[in-house]
Structure formats: C-alpha cells, structure tokens
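So this block is my_file-v3.csv, CSV, C-alpha atoms (C1' of nucleotides):
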chain,number,residue,atom,x,y,z
O,1,MET,CA,-25.6,55.1,98.6
O,2,LYS,CA,-25.3,58.8,99.2
O,3,LEU,CA,-27.4,59.8,102.2
O,4,GLU,CA,-27.2,63.6,101.7
O,5,LYS,CA,-29.8,63.3,98.9
O,6,THR,CA,-33.5,63.2,99.7
O,7,PHE,CA,-35.3,60.0,99.4
O,8,GLY,CA,-37.0,61.0,96.2
O,9,GLU,CA,-33.7,62.0,94.6
O,10,THR,CA,-32.2,58.7,95.7
O,11,VAL,CA,-35.0,56.6,94.1
O,12,LYS,CA,-35.0,58.7,91.0
O,13,LYS,CA,-31.3,58.1,90.5
O,14,LEU,CA,-31.6,54.4,91.0
O,15,ARG,CA,-34.2,54.3,88.3
O,16,GLU,CA,-32.3,56.5,85.9
O,17,GLU,CA,-29.0,54.7,86.4
O,18,ARG,CA,-30.9,51.7,85.0
O,19,GLY,CA,-32.4,53.7,82.2
O,20,LEU,CA,-36.0,52.8,83.1
O,21,PRO,CA,-39.1,54.9,82.6
O,22,LEU,CA,-41.4,55.7,85.5
O,23,ARG,CA,-44.1,53.5,83.8
O,24,GLU,CA,-42.0,50.4,83.9
O,25,VAL,CA,-40.9,50.7,87.5
O,26,ALA,CA,-44.3,51.6,88.6
O,27,GLU,CA,-45.8,48.6,86.9
O,28,ALA,CA,-43.3,46.3,88.4
O,29,LEU,CA,-43.9,47.7,91.8
O,30,GLN,CA,-47.7,47.8,91.3
O,31,ILE,CA,-48.1,51.5,92.1
O,32,ASP,CA,-49.5,54.3,90.0
O,33,THR,CA,-47.1,55.9,87.7
O,34,SER,CA,-48.1,59.4,88.9
O,35,MET,CA,-47.6,58.3,92.5
O,36,LEU,CA,-44.1,57.1,91.7
O,37,GLY,CA,-43.3,60.4,90.0
O,38,LYS,CA,-44.6,62.3,93.0
O,39,ILE,CA,-42.5,60.2,95.4
O,40,GLU,CA,-39.4,61.0,93.3
O,41,LYS,CA,-40.3,64.7,93.6
O,42,ASN,CA,-41.0,64.3,97.4
O,43,ASN,CA,-44.6,65.3,96.8
O,44,ARG,CA,-46.0,62.1,98.3
O,45,LYS,CA,-44.6,60.0,101.1
O,46,PRO,CA,-43.8,56.4,100.4
O,47,THR,CA,-45.3,53.8,102.7
O,48,LYS,CA,-43.1,51.2,104.4
O,49,GLN,CA,-44.3,48.8,101.8
O,50,HIS,CA,-43.2,51.1,99.0
O,51,ILE,CA,-39.8,51.2,100.5
O,52,GLU,CA,-39.6,47.4,100.8
O,53,LYS,CA,-40.5,47.2,97.1
O,54,PHE,CA,-37.9,49.8,96.1
O,55,ALA,CA,-35.2,47.9,98.0
O,56,SER,CA,-36.0,44.5,96.5
O,57,TYR,CA,-36.5,45.8,93.0
O,58,PHE,CA,-33.3,47.9,92.9
O,59,LYS,CA,-31.4,45.5,95.0
O,60,VAL,CA,-30.3,48.1,97.6
O,61,SER,CA,-30.4,48.1,101.4
O,62,GLU,CA,-33.8,48.5,102.8
O,63,LYS,CA,-32.3,49.9,105.9
O,64,ASP,CA,-30.5,52.6,104.0
O,65,LEU,CA,-33.7,53.6,102.2
O,66,MET,CA,-35.5,53.7,105.5
O,67,ILE,CA,-32.9,55.9,107.0
O,68,SER,CA,-33.0,58.1,103.9
O,69,PHE,CA,-36.7,58.5,104.1
O,70,LEU,CA,-37.1,58.9,107.9
O,71,SER,CA,-34.3,61.4,108.1
O,72,ASP,CA,-36.1,63.4,105.4
O,73,THR,CA,-39.2,63.6,107.5
O,74,VAL,CA,-37.3,64.6,110.6
O,75,VAL,CA,-35.5,67.3,108.6
O,76,TYR,CA,-38.8,68.5,107.3
O,77,GLN,CA,-40.2,68.7,110.8
O,78,VAL,CA,-37.4,70.6,112.4
O,79,MET,CA,-36.9,73.0,109.6
O,80,ASP,CA,-40.2,74.6,110.6
O,81,GLU,CA,-38.1,76.2,113.3
O,82,GLU,CA,-34.9,76.5,111.4
O,83,ASP,CA,-33.0,78.5,114.0
O,84,LEU,CA,-33.7,75.8,116.6
O,85,SER,CA,-33.2,72.8,114.3
O,86,THR,CA,-29.8,71.8,115.5
O,87,GLU,CA,-30.7,72.1,119.1
O,88,ILE,CA,-33.9,70.2,118.7
O,89,LEU,CA,-31.9,67.3,117.1
O,90,LYS,CA,-29.4,67.3,119.9
O,91,VAL,CA,-32.1,67.1,122.6
O,92,ALA,CA,-33.9,64.4,120.6
O,93,GLU,CA,-30.7,62.4,120.5
O,94,GLU,CA,-30.3,62.7,124.3
O,95,LYS,CA,-33.9,61.6,124.8
O,96,VAL,CA,-33.5,58.6,122.5
O,97,LYS,CA,-30.4,57.5,124.3
O,98,TYR,CA,-32.2,57.9,127.6
O,99,ILE,CA,-35.1,55.8,126.4
O,100,ILE,CA,-33.0,53.1,125.0
O,101,ASN,CA,-30.9,53.0,128.2
O,102,GLN,CA,-34.0,52.7,130.3
O,103,LYS,CA,-35.2,49.8,128.2
O,104,THR,CA,-32.1,47.7,128.3
O,105,ALA,CA,-31.5,48.5,132.0
O,106,THR,CA,-34.8,46.9,132.9
O,107,GLN,CA,-34.5,43.8,130.8
I,108,MET,CA,-35.4,73.7,132.8
I,109,LYS,CA,-34.6,69.9,132.4
I,110,LEU,CA,-34.9,68.9,128.8
I,111,GLU,CA,-34.9,65.2,129.4
I,112,LYS,CA,-38.5,65.3,130.4
I,113,THR,CA,-41.3,65.3,127.9
I,114,PHE,CA,-43.1,68.5,127.2
I,115,GLY,CA,-46.2,67.3,129.1
I,116,GLU,CA,-44.1,66.4,132.2
I,117,THR,CA,-42.4,69.8,132.0
I,118,VAL,CA,-45.6,71.7,131.9
I,119,LYS,CA,-47.2,69.7,134.6
I,120,LYS,CA,-44.2,70.3,136.9
I,121,LEU,CA,-44.4,74.0,136.2
I,122,ARG,CA,-48.0,74.0,137.3
I,123,GLU,CA,-47.5,71.8,140.4
I,124,GLU,CA,-44.5,73.8,141.6
I,125,ARG,CA,-46.9,76.7,141.8
I,126,GLY,CA,-49.6,74.6,143.5
I,127,LEU,CA,-52.2,75.4,140.9
I,128,PRO,CA,-55.1,73.2,139.7
I,129,LEU,CA,-55.6,72.4,136.1
I,130,ARG,CA,-58.8,74.4,136.1
I,131,GLU,CA,-57.1,77.6,137.2
I,132,VAL,CA,-54.3,77.4,134.6
I,133,ALA,CA,-56.7,76.4,131.9
I,134,GLU,CA,-58.9,79.3,132.7
I,135,ALA,CA,-56.0,81.8,132.6
I,136,LEU,CA,-54.8,80.4,129.3
I,137,GLN,CA,-58.3,80.1,127.9
I,138,ILE,CA,-58.1,76.5,127.0
I,139,ASP,CA,-60.3,73.6,128.1
I,140,THR,CA,-59.3,72.0,131.3
I,141,SER,CA,-59.5,68.6,129.8
I,142,MET,CA,-57.3,69.7,126.9
I,143,LEU,CA,-54.7,70.9,129.3
I,144,GLY,CA,-54.8,67.6,131.2
I,145,LYS,CA,-54.3,65.8,128.0
I,146,ILE,CA,-51.4,68.0,127.0
I,147,GLU,CA,-49.7,67.3,130.3
I,148,LYS,CA,-50.2,63.6,129.6
I,149,ASN,CA,-48.9,63.9,126.1
I,150,ASN,CA,-52.3,62.7,124.7
I,151,ARG,CA,-52.8,66.0,122.8
I,152,LYS,CA,-50.3,68.1,121.0
I,153,PRO,CA,-50.0,71.7,122.0
I,154,THR,CA,-50.2,74.3,119.3
I,155,LYS,CA,-47.6,77.0,118.9
I,156,GLN,CA,-50.1,79.4,120.5
I,157,HIS,CA,-50.4,77.1,123.5
I,158,ILE,CA,-46.7,77.1,123.9
I,159,GLU,CA,-46.5,80.9,123.8
I,160,LYS,CA,-49.2,81.0,126.5
I,161,PHE,CA,-47.4,78.5,128.7
I,162,ALA,CA,-44.1,80.5,128.4
I,163,SER,CA,-45.6,83.8,129.2
I,164,TYR,CA,-47.9,82.5,132.0
I,165,PHE,CA,-45.1,80.5,133.7
I,166,LYS,CA,-42.5,83.0,132.9
I,167,VAL,CA,-40.1,80.5,131.2
I,168,SER,CA,-38.3,80.5,127.9
I,169,GLU,CA,-40.5,80.0,125.0
I,170,LYS,CA,-37.5,78.7,123.0
I,171,ASP,CA,-36.9,76.0,125.6
I,172,LEU,CA,-40.5,74.9,125.6
I,173,MET,CA,-40.4,74.8,121.8
I,174,ILE,CA,-37.3,72.7,121.8
I,175,SER,CA,-38.9,70.4,124.5
I,176,PHE,CA,-42.0,69.9,122.4
I,177,LEU,CA,-40.4,69.5,119.0
I,178,SER,CA,-37.8,67.1,120.2
I,179,ASP,CA,-40.6,65.0,121.6
I,180,THR,CA,-42.2,64.8,118.2
I,181,VAL,CA,-38.9,63.9,116.6
I,182,VAL,CA,-38.3,61.2,119.2
I,183,TYR,CA,-41.8,59.9,118.7
I,184,GLN,CA,-41.2,59.6,115.0
I,185,VAL,CA,-37.8,57.9,115.0
I,186,MET,CA,-38.8,55.4,117.8
I,187,ASP,CA,-41.1,53.8,115.2
I,188,GLU,CA,-37.8,52.2,114.0
I,189,GLU,CA,-36.1,52.0,117.3
I,190,ASP,CA,-33.0,50.2,116.1
I,191,LEU,CA,-32.4,52.8,113.4
I,192,SER,CA,-33.2,55.9,115.5
I,193,THR,CA,-29.7,57.0,116.3
I,194,GLU,CA,-28.6,56.7,112.7
I,195,ILE,CA,-31.7,58.5,111.5
I,196,LEU,CA,-30.9,61.4,113.8
I,197,LYS,CA,-27.3,61.5,112.7
I,198,VAL,CA,-28.2,61.7,109.0
I,199,ALA,CA,-30.9,64.3,109.7
I,200,GLU,CA,-28.3,66.4,111.4
I,201,GLU,CA,-26.0,66.2,108.4
I,202,LYS,CA,-28.9,67.1,106.1
I,203,VAL,CA,-29.8,70.1,108.2
I,204,LYS,CA,-26.2,71.3,108.3
I,205,TYR,CA,-26.1,70.9,104.5
I,206,ILE,CA,-29.3,72.9,104.0
I,207,ILE,CA,-28.3,75.7,106.3
I,208,ASN,CA,-24.9,75.9,104.6
I,209,GLN,CA,-26.5,76.1,101.2
I,210,LYS,CA,-28.6,78.9,102.4
I,211,THR,CA,-26.0,81.1,103.9
I,212,ALA,CA,-23.6,80.4,101.1
I,213,THR,CA,-25.9,81.8,98.5
I,214,GLN,CA,-26.8,85.0,100.5
J,215,DT,C1',-68.7,59.1,156.4
J,216,DT,C1',-70.2,63.2,153.3
J,217,DC,C1',-69.3,67.1,150.4
J,218,DA,C1',-66.6,69.7,147.2
J,219,DT,C1',-63.1,70.0,144.0
J,220,DT,C1',-59.8,68.1,140.8
J,221,DT,C1',-58.4,64.8,137.5
J,222,DT,C1',-59.2,61.6,133.9
J,223,DG,C1',-60.9,59.7,129.9
J,224,DG,C1',-64.6,58.4,126.7
J,225,DA,C1',-67.5,60.0,123.0
J,226,DC,C1',-68.5,63.1,119.6
J,227,DT,C1',-68.1,66.8,115.9
J,228,DA,C1',-66.0,69.5,112.6
J,229,DC,C1',-62.0,70.1,110.2
J,230,DT,C1',-57.8,68.9,108.0
J,231,DT,C1',-54.6,66.0,105.9
J,232,DC,C1',-53.3,62.6,103.0
J,233,DA,C1',-52.9,58.3,100.0
J,234,DG,C1',-54.2,56.8,95.9
J,235,DT,C1',-56.5,57.3,91.3
J,236,DC,C1',-57.5,59.3,86.9
J,237,DC,C1',-56.9,62.2,83.3
J,238,DA,C1',-55.2,65.7,80.3
J,239,DA,C1',-51.6,68.8,79.2
J,240,DA,C1',-46.7,69.4,78.5
J,241,DG,C1',-42.3,67.6,77.3
J,242,DA,C1',-39.2,64.6,75.1
J,243,DT,C1',-37.7,61.4,71.4
J,244,DA,C1',-37.3,59.4,67.1
H,245,DT,C1',-45.4,64.0,62.3
H,246,DA,C1',-46.6,60.2,65.9
H,247,DT,C1',-45.4,57.9,70.2
H,248,DC,C1',-44.0,57.6,74.8
H,249,DT,C1',-42.8,59.8,79.2
H,250,DT,C1',-43.4,63.1,82.7
H,251,DT,C1',-46.0,66.3,85.3
H,252,DG,C1',-49.5,68.2,87.9
H,253,DG,C1',-54.4,69.4,88.8
H,254,DA,C1',-58.6,67.6,90.6
H,255,DC,C1',-61.1,64.5,93.0
H,256,DT,C1',-62.6,60.7,96.5
H,257,DG,C1',-62.6,58.2,100.5
H,258,DA,C1',-60.1,57.2,104.6
H,259,DA,C1',-57.5,58.5,108.6
H,260,DG,C1',-56.1,61.6,111.8
H,261,DT,C1',-56.7,65.5,114.9
H,262,DA,C1',-58.1,69.7,117.8
H,263,DG,C1',-61.4,71.0,120.6
H,264,DT,C1',-65.6,70.4,123.5
H,265,DC,C1',-68.6,68.3,126.8
H,266,DC,C1',-69.8,65.3,130.2
H,267,DA,C1',-69.6,61.9,133.6
H,268,DA,C1',-67.0,58.8,136.4
H,269,DA,C1',-63.0,58.3,139.3
H,270,DA,C1',-59.8,60.2,142.5
H,271,DT,C1',-58.3,63.3,145.9
H,272,DG,C1',-58.8,65.8,149.9
H,273,DA,C1',-61.0,68.4,153.7
H,274,DA,C1',-64.3,68.6,157.5

As structure tokens, what does this structure read like?
Amino acid sequence: MKLEKTFGETVKKLREERGLPLREVAEALQIDTSMLGKIEKNNRKPTKQHIEKFASYFKVSEKDLMISFLSDTVVYQVMDEEDLSTEILKVAEEKVKYIINQKTATQ
Amino acid sequence: MKLEKTFGETVKKLREERGLPLREVAEALQIDTSMLGKIEKNNRKPTKQHIEKFASYFKVSEKDLMISFLSDTVVYQVMDEEDLSTEILKVAEEKVKYIINQKTATQ
DNA sequence: TTCATTTTGGACTACTTCAGTCCAAAGATA
DNA sequence: TATCTTTGGACTGAAGTAGTCCAAAATGAA
C-alpha cells in the first residue's frame, strides 16, 4: 500500500482495482453511496468504523488505513501554516516521544 | 522558549515570570479572565488573534507560540492512536514534503 | 481569624461544524 | 436510445466550541 496517497485516493484505487462500482461497495459496507463517493474525494471524513469496514472488505491492513487517514488529517492541519509545517511536525514528534517516555517510565 | 511544554504551560510561565495575575493580563489582552485561565490549563484553544496578542504583550516570538500551539493540537490528535502516533507523524512529514515539493516544482 | 484578591470550574447561549441522507443532474456505457 | 454510475447541492439533526457570567474555592495579607 502506497502511503503517499491520500486516504480517499487509496480507497478509490482499492475499489477500482476490483472493478466495483461505488453502489456495490457502499451496499456491502452499509453506507450511503454518496457518502462513499465523498470519502473517496476527501470531502467527508471516514469514521473509525468505516475504516474497519474498508479493511475487512478489501482485505488490507486496518493499521495502514488508519495511518493513511490520520496522517491526512495531520497534514491538513499543519498546512494551514505551510511555512511552519515541518517545524510543527518536528516539535510534535518530540512531544510524543516525551509523553510516551513519561508513561513507560512510571509503569 | 522551551517547546516541550504545552502552549498553556508556556503562557502561564510567561505570566508568572512577570508576577502578573490573570486578571491584569486578561484585561490588557481584552479577553475574559476565565478564558485566559482555561487557555493556560489547555481547556480552551486560543485563536490566532489570541496568539498574536500573547506574543506582542509578552514580547516573545509569535512564530514560536504558533509552533507550540499547533504542535499541541497535532499531538492531541495522534495520541488517540498512541501506538501508531510515531508512524503517523512520519508519514505526515513525507506527505508535507511531497506537497511542498510539488508546489515549488510547478512555480 | 477576617477581608480582599485571585483562581477555578460549572452552566449557559449562540454559533459553527459535521455526519449522514436524499435527490436530481451530469457523465459514462452499451 | 435506455441504463447505470458518479457527482454535488441542499437539508436535518447532532455534536462541538468560543465566549460570558457567576459563584465557590483557594491564596495571601493584616
């Protein structure tokens, strides 16, 4: 699975590789066809349940899909301040490391 | 300025270093005292305008405050999936690099 | 202790955002 | 042509959020 792609592009490709129409996938996953179309176009966010359904339906790693989606949301957030984006991510990484360290240190 | 601290902790320290009560800073910045207290406790998000005011009032770098705040929000987001957080940030960084590259390449 | 001031947090309102649905138009295919 | 798929606008109800106000709790000084 290519992670450079957005979540929507990833899901769309999975569907098209299998030659399936939106309607059929939407029906199988019990979501509205229009919703699915919007998710593929990144106009609607998938819920965690959606991601679970995608993973099991397309037989791909749920973890990878999660990473694909959540990294999208992070990118979207930091691109508001494009010139600071790289620095923001670096600081965020340090903070995450710090937090995880704190946790394991006190267990 | 230490960036490991949260935005709220950073602002609180700036205020306490100067020995000022919430009331006085809030008044100068034209925000509700209770709001300021909540921002210091990370119970309310500052707006961009708030951050500008903090920077000019305390005479610190607006950019650093921005990074402090936005990295907090990123951390908050990825810690929802703690075990994936580091990977999410790595992928996000790649995507940001890719996007910025695309942009400069086509200019 | 008492009094004054600061800090905290609950409750509320108004506003915004967003998931999800439905439908109709546009596009594609045969 | 007719049929199926894709797209997006419009809407609703729910959830989230900024900001305000007030009162209780905490702090500190005399």

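The coordinates place atom CA of Glu9 of chain O at 22.7 Å from atom C1' of DG253 of chain H.
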
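Using all atoms listed in the file, the part of chain I that sits within 7 Å of chain O is made up of Glu111, Ile174, Leu177, Ser178, Asp179, Val181, Val182, Thr193, Ile195, Leu196, Val198, Ala199, Glu200, Lys202 and Val203 of chain I.
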
Enumerate as number ranges by chain the residues belonging to chain H that approach chain I to within 9 Å, with all atoms listed in the file taken into account. H: 261-264

Excluding DA240 of chain J and residues on its chain fewer than 4 positions from it, collect all residues at most 12 Å away from it, counting all atoms listed in the file, and give them as an MDAnalysis selection string. chainID H and resid 249:252

Restricting it to C-alpha atoms (C1' of nucleotides), dump the selection as a PDB file, in the coordinates of the input.
ATOM      1  C1'  DT H 249     -42.800  59.800  79.200  1.00  0.00           C
ATOM      2  C1'  DT H 250     -43.400  63.100  82.700  1.00  0.00           C
ATOM      3  C1'  DT H 251     -46.000  66.300  85.300  1.00  0.00           C
ATOM      4  C1'  DG H 252     -49.500  68.200  87.900  1.00  0.00           C
TER       5       DG H 252
END

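The coordinates place atom CA of Gln137 of chain I at 9.5 Å from atom CA of His157 of chain I.
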
Using all atoms listed in the file, which residues sit within 12 Å of DA218 of chain J once same-chain residues fewer than 3 positions away are excluded, as a short mmCIF file (atom, residue, chain, number, x, y, z; two decimals) with C-alpha atoms (C1' of nucleotides), in the coordinates of the input?
data_model
loop_
_atom_site.label_atom_id
_atom_site.label_comp_id
_atom_site.auth_asym_id
_atom_site.auth_seq_id
_atom_site.Cartn_x
_atom_site.Cartn_y
_atom_site.Cartn_z
"C1'" DT H 271 -58.30 63.30 145.90
"C1'" DG H 272 -58.80 65.80 149.90
"C1'" DA H 273 -61.00 68.40 153.70
"C1'" DA H 274 -64.30 68.60 157.50
#

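Here is the contact set of chain J against chain I, at 12 Å and counting all atoms listed in the file: J:DT219, J:DT220, J:DT221, J:DT222, J:DG223, J:DG224.
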
Result of fitting chain I to chain O over every paired C-alpha, as a compact mmCIF listing (two decimals) with C-alpha atoms, in the frame of the given file:
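New file part_19.txt:
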# COMPACT_ATOMS: atom_id res chain seq x y z
CA MET I 108 -25.67 55.02 98.58
CA LYS I 109 -25.31 58.84 99.29
CA LEU I 110 -27.44 59.81 102.23
CA GLU I 111 -27.25 63.51 101.67
CA LYS I 112 -29.84 63.30 98.98
CA THR I 113 -33.52 63.18 99.70
CA PHE I 114 -35.32 59.92 99.42
CA GLY I 115 -37.05 61.03 96.19
CA GLU I 116 -33.70 62.02 94.59
CA THR I 117 -32.23 58.68 95.66
CA VAL I 118 -34.97 56.67 94.14
CA LYS I 119 -35.03 58.64 90.98
CA LYS I 120 -31.26 58.16 90.53
CA LEU I 121 -31.67 54.45 91.07
CA ARG I 122 -34.20 54.33 88.29
CA GLU I 123 -32.26 56.57 85.86
CA GLU I 124 -29.01 54.68 86.38
CA ARG I 125 -30.87 51.71 85.01
CA GLY I 126 -32.40 53.73 82.15
CA LEU I 127 -35.93 52.82 83.07
CA PRO I 128 -39.11 54.91 82.60
CA LEU I 129 -41.40 55.67 85.43
CA ARG I 130 -44.08 53.56 83.82
CA GLU I 131 -41.96 50.43 83.78
CA VAL I 132 -40.88 50.70 87.44
CA ALA I 133 -44.35 51.60 88.53
CA GLU I 134 -45.74 48.63 86.75
CA ALA I 135 -43.22 46.23 88.34
CA LEU I 136 -43.91 47.65 91.78
CA GLN I 137 -47.65 47.82 91.19
CA ILE I 138 -48.05 51.42 92.03
CA ASP I 139 -49.48 54.25 89.93
CA THR I 140 -47.04 55.91 87.67
CA SER I 141 -48.09 59.29 88.83
CA MET I 142 -47.64 58.24 92.45
CA LEU I 143 -44.14 57.14 91.73
CA GLY I 144 -43.37 60.45 90.01
CA LYS I 145 -44.63 62.25 93.00
CA ILE I 146 -42.57 60.14 95.36
CA GLU I 147 -39.45 60.92 93.38
CA LYS I 148 -40.36 64.59 93.69
CA ASN I 149 -41.02 64.31 97.36
CA ASN I 150 -44.69 65.39 96.82
CA ARG I 151 -45.98 62.06 98.24
CA LYS I 152 -44.68 60.03 101.08
CA PRO I 153 -43.79 56.45 100.41
CA THR I 154 -45.26 53.82 102.66
CA LYS I 155 -43.14 51.21 104.36
CA GLN I 156 -44.39 48.74 101.73
CA HIS I 157 -43.20 51.05 98.97
CA ILE I 158 -39.81 51.18 100.52
CA GLU I 159 -39.57 47.38 100.74
CA LYS I 160 -40.51 47.21 97.05
CA PHE I 161 -37.92 49.79 96.04
CA ALA I 162 -35.17 47.90 98.01
CA SER I 163 -35.94 44.56 96.59
CA TYR I 164 -36.54 45.80 92.99
CA PHE I 165 -33.33 47.91 92.94
CA LYS I 166 -31.42 45.49 94.98
CA VAL I 167 -30.30 48.06 97.64
CA SER I 168 -30.44 48.09 101.39
CA GLU I 169 -33.83 48.50 102.76
CA LYS I 170 -32.31 49.88 106.00
CA ASP I 171 -30.56 52.62 104.04
CA LEU I 172 -33.69 53.60 102.19
CA MET I 173 -35.54 53.67 105.51
CA ILE I 174 -32.95 55.87 107.07
CA SER I 175 -33.02 58.14 103.90
CA PHE I 176 -36.77 58.52 104.13
CA LEU I 177 -37.14 58.95 107.86
CA SER I 178 -34.37 61.44 108.13
CA ASP I 179 -36.14 63.46 105.48
CA THR I 180 -39.25 63.58 107.58
CA VAL I 181 -37.26 64.58 110.63
CA VAL I 182 -35.51 67.31 108.67
CA TYR I 183 -38.81 68.49 107.30
CA GLN I 184 -40.20 68.78 110.79
CA VAL I 185 -37.33 70.60 112.51
CA MET I 186 -36.84 73.08 109.56
CA ASP I 187 -40.20 74.59 110.61
CA GLU I 188 -38.03 76.29 113.30
CA GLU I 189 -34.89 76.57 111.33
CA ASP I 190 -32.89 78.46 113.92
CA LEU I 191 -33.67 75.86 116.58
CA SER I 192 -33.18 72.75 114.40
CA THR I 193 -29.73 71.78 115.51
CA GLU I 194 -30.63 72.09 119.16
CA ILE I 195 -33.85 70.18 118.63
CA LEU I 196 -31.89 67.32 117.09
CA LYS I 197 -29.36 67.34 119.87
CA VAL I 198 -32.01 67.08 122.60
CA ALA I 199 -33.89 64.39 120.65
CA GLU I 200 -30.72 62.39 120.53
CA GLU I 201 -30.28 62.65 124.29
CA LYS I 202 -33.91 61.63 124.80
CA VAL I 203 -33.52 58.62 122.56
CA LYS I 204 -30.33 57.54 124.32
CA TYR I 205 -32.19 57.92 127.64
CA ILE I 206 -35.13 55.81 126.46
CA ILE I 207 -33.01 53.06 125.02
CA ASN I 208 -30.95 52.96 128.22
CA GLN I 209 -34.05 52.68 130.33
CA LYS I 210 -35.15 49.82 128.26
CA THR I 211 -32.08 47.72 128.32
CA ALA I 212 -31.47 48.48 131.94
CA THR I 213 -34.72 46.99 133.02
CA GLN I 214 -34.37 43.77 130.87

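The spacing separating atom CA of Gln49 of chain O from atom C1' of DG260 of chain H amounts to 20.1 Å.
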
Every residue with an atom at most 7 Å from (-36.4, 52.2, 99.9) (file coordinates; only C-alpha atoms (C1' of nucleotides)) is what I'm after, so could you write them as JSON, numbers by chain? {"O": [50, 51, 52, 54, 55, 62, 65, 66]}

Fill-in result for segment 69-76 of chain O, all heavy atoms as a PDB file, in the coordinates of the input:
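Output file selection35.pdb follows:
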ATOM      1  N   PHE O  69     -35.388  57.987 104.047  1.00  0.00           N
ATOM      2  CA  PHE O  69     -36.700  58.500 104.100  1.00  0.00           C
ATOM      3  C   PHE O  69     -37.054  59.165 105.472  1.00  0.00           C
ATOM      4  O   PHE O  69     -37.518  60.306 105.550  1.00  0.00           O
ATOM      5  CB  PHE O  69     -37.778  57.456 103.785  1.00  0.00           C
ATOM      6  CG  PHE O  69     -39.174  57.874 104.112  1.00  0.00           C
ATOM      7  CD1 PHE O  69     -39.737  58.981 103.491  1.00  0.00           C
ATOM      8  CD2 PHE O  69     -39.920  57.183 105.057  1.00  0.00           C
ATOM      9  CE1 PHE O  69     -41.022  59.394 103.804  1.00  0.00           C
ATOM     10  CE2 PHE O  69     -41.205  57.594 105.369  1.00  0.00           C
ATOM     11  CZ  PHE O  69     -41.755  58.699 104.744  1.00  0.00           C
ATOM     12  N   LEU O  70     -36.776  58.414 106.531  1.00  0.00           N
ATOM     13  CA  LEU O  70     -37.100  58.900 107.900  1.00  0.00           C
ATOM     14  C   LEU O  70     -36.333  60.151 108.255  1.00  0.00           C
ATOM     15  O   LEU O  70     -36.854  61.057 108.909  1.00  0.00           O
ATOM     16  CB  LEU O  70     -37.007  57.817 108.910  1.00  0.00           C
ATOM     17  CG  LEU O  70     -38.085  56.734 108.805  1.00  0.00           C
ATOM     18  CD1 LEU O  70     -37.834  55.606 109.793  1.00  0.00           C
ATOM     19  CD2 LEU O  70     -39.462  57.338 109.055  1.00  0.00           C
ATOM     20  N   SER O  71     -35.079  60.208 107.808  1.00  0.00           N
ATOM     21  CA  SER O  71     -34.300  61.400 108.100  1.00  0.00           C
ATOM     22  C   SER O  71     -34.887  62.608 107.359  1.00  0.00           C
ATOM     23  O   SER O  71     -34.900  63.729 107.870  1.00  0.00           O
ATOM     24  CB  SER O  71     -32.823  61.214 107.791  1.00  0.00           C
ATOM     25  OG  SER O  71     -32.645  60.944 106.420  1.00  0.00           O
ATOM     26  N   ASP O  72     -35.400  62.366 106.160  1.00  0.00           N
ATOM     27  CA  ASP O  72     -36.100  63.400 105.400  1.00  0.00           C
ATOM     28  C   ASP O  72     -37.252  63.998 106.245  1.00  0.00           C
ATOM     29  O   ASP O  72     -37.433  65.210 106.349  1.00  0.00           O
ATOM     30  CB  ASP O  72     -36.668  62.911 104.106  1.00  0.00           C
ATOM     31  CG  ASP O  72     -35.663  62.967 102.969  1.00  0.00           C
ATOM     32  OD1 ASP O  72     -34.489  63.286 103.233  1.00  0.00           O
ATOM     33  OD2 ASP O  72     -36.055  62.688 101.826  1.00  0.00           O
ATOM     34  N   THR O  73     -38.066  63.102 106.786  1.00  0.00           N
ATOM     35  CA  THR O  73     -39.200  63.600 107.500  1.00  0.00           C
ATOM     36  C   THR O  73     -38.831  64.327 108.786  1.00  0.00           C
ATOM     37  O   THR O  73     -39.470  65.304 109.158  1.00  0.00           O
ATOM     38  CB  THR O  73     -40.182  62.409 107.904  1.00  0.00           C
ATOM     39  OG1 THR O  73     -39.571  61.598 108.899  1.00  0.00           O
ATOM     40  CG2 THR O  73     -40.527  61.562 106.710  1.00  0.00           C
ATOM     41  N   VAL O  74     -37.752  63.867 109.408  1.00  0.00           N
ATOM     42  CA  VAL O  74     -37.300  64.600 110.600  1.00  0.00           C
ATOM     43  C   VAL O  74     -36.775  65.974 110.188  1.00  0.00           C
ATOM     44  O   VAL O  74     -37.109  66.973 110.836  1.00  0.00           O
ATOM     45  CB  VAL O  74     -36.134  63.795 111.287  1.00  0.00           C
ATOM     46  CG1 VAL O  74     -35.426  64.663 112.321  1.00  0.00           C
ATOM     47  CG2 VAL O  74     -36.676  62.538 111.937  1.00  0.00           C
ATOM     48  N   VAL O  75     -36.024  66.038 109.112  1.00  0.00           N
ATOM     49  CA  VAL O  75     -35.500  67.300 108.600  1.00  0.00           C
ATOM     50  C   VAL O  75     -36.682  68.264 108.341  1.00  0.00           C
ATOM     51  O   VAL O  75     -36.703  69.413 108.764  1.00  0.00           O
ATOM     52  CB  VAL O  75     -34.648  67.160 107.377  1.00  0.00           C
ATOM     53  CG1 VAL O  75     -34.359  68.514 106.739  1.00  0.00           C
ATOM     54  CG2 VAL O  75     -33.349  66.447 107.721  1.00  0.00           C
ATOM     55  N   TYR O  76     -37.652  67.739 107.635  1.00  0.00           N
ATOM     56  CA  TYR O  76     -38.800  68.500 107.300  1.00  0.00           C
ATOM     57  C   TYR O  76     -39.479  69.120 108.518  1.00  0.00           C
ATOM     58  O   TYR O  76     -39.875  70.292 108.545  1.00  0.00           O
ATOM     59  CB  TYR O  76     -39.807  67.659 106.508  1.00  0.00           C
ATOM     60  CG  TYR O  76     -41.071  68.370 106.103  1.00  0.00           C
ATOM     61  CD1 TYR O  76     -41.074  69.248 105.023  1.00  0.00           C
ATOM     62  CD2 TYR O  76     -42.251  68.185 106.808  1.00  0.00           C
ATOM     63  CE1 TYR O  76     -42.226  69.905 104.649  1.00  0.00           C
ATOM     64  CE2 TYR O  76     -43.412  68.842 106.441  1.00  0.00           C
ATOM     65  CZ  TYR O  76     -43.403  69.697 105.361  1.00  0.00           C
ATOM     66  OH  TYR O  76     -44.546  70.355 105.007  1.00  0.00           O
TER      67      TYR O  76
END
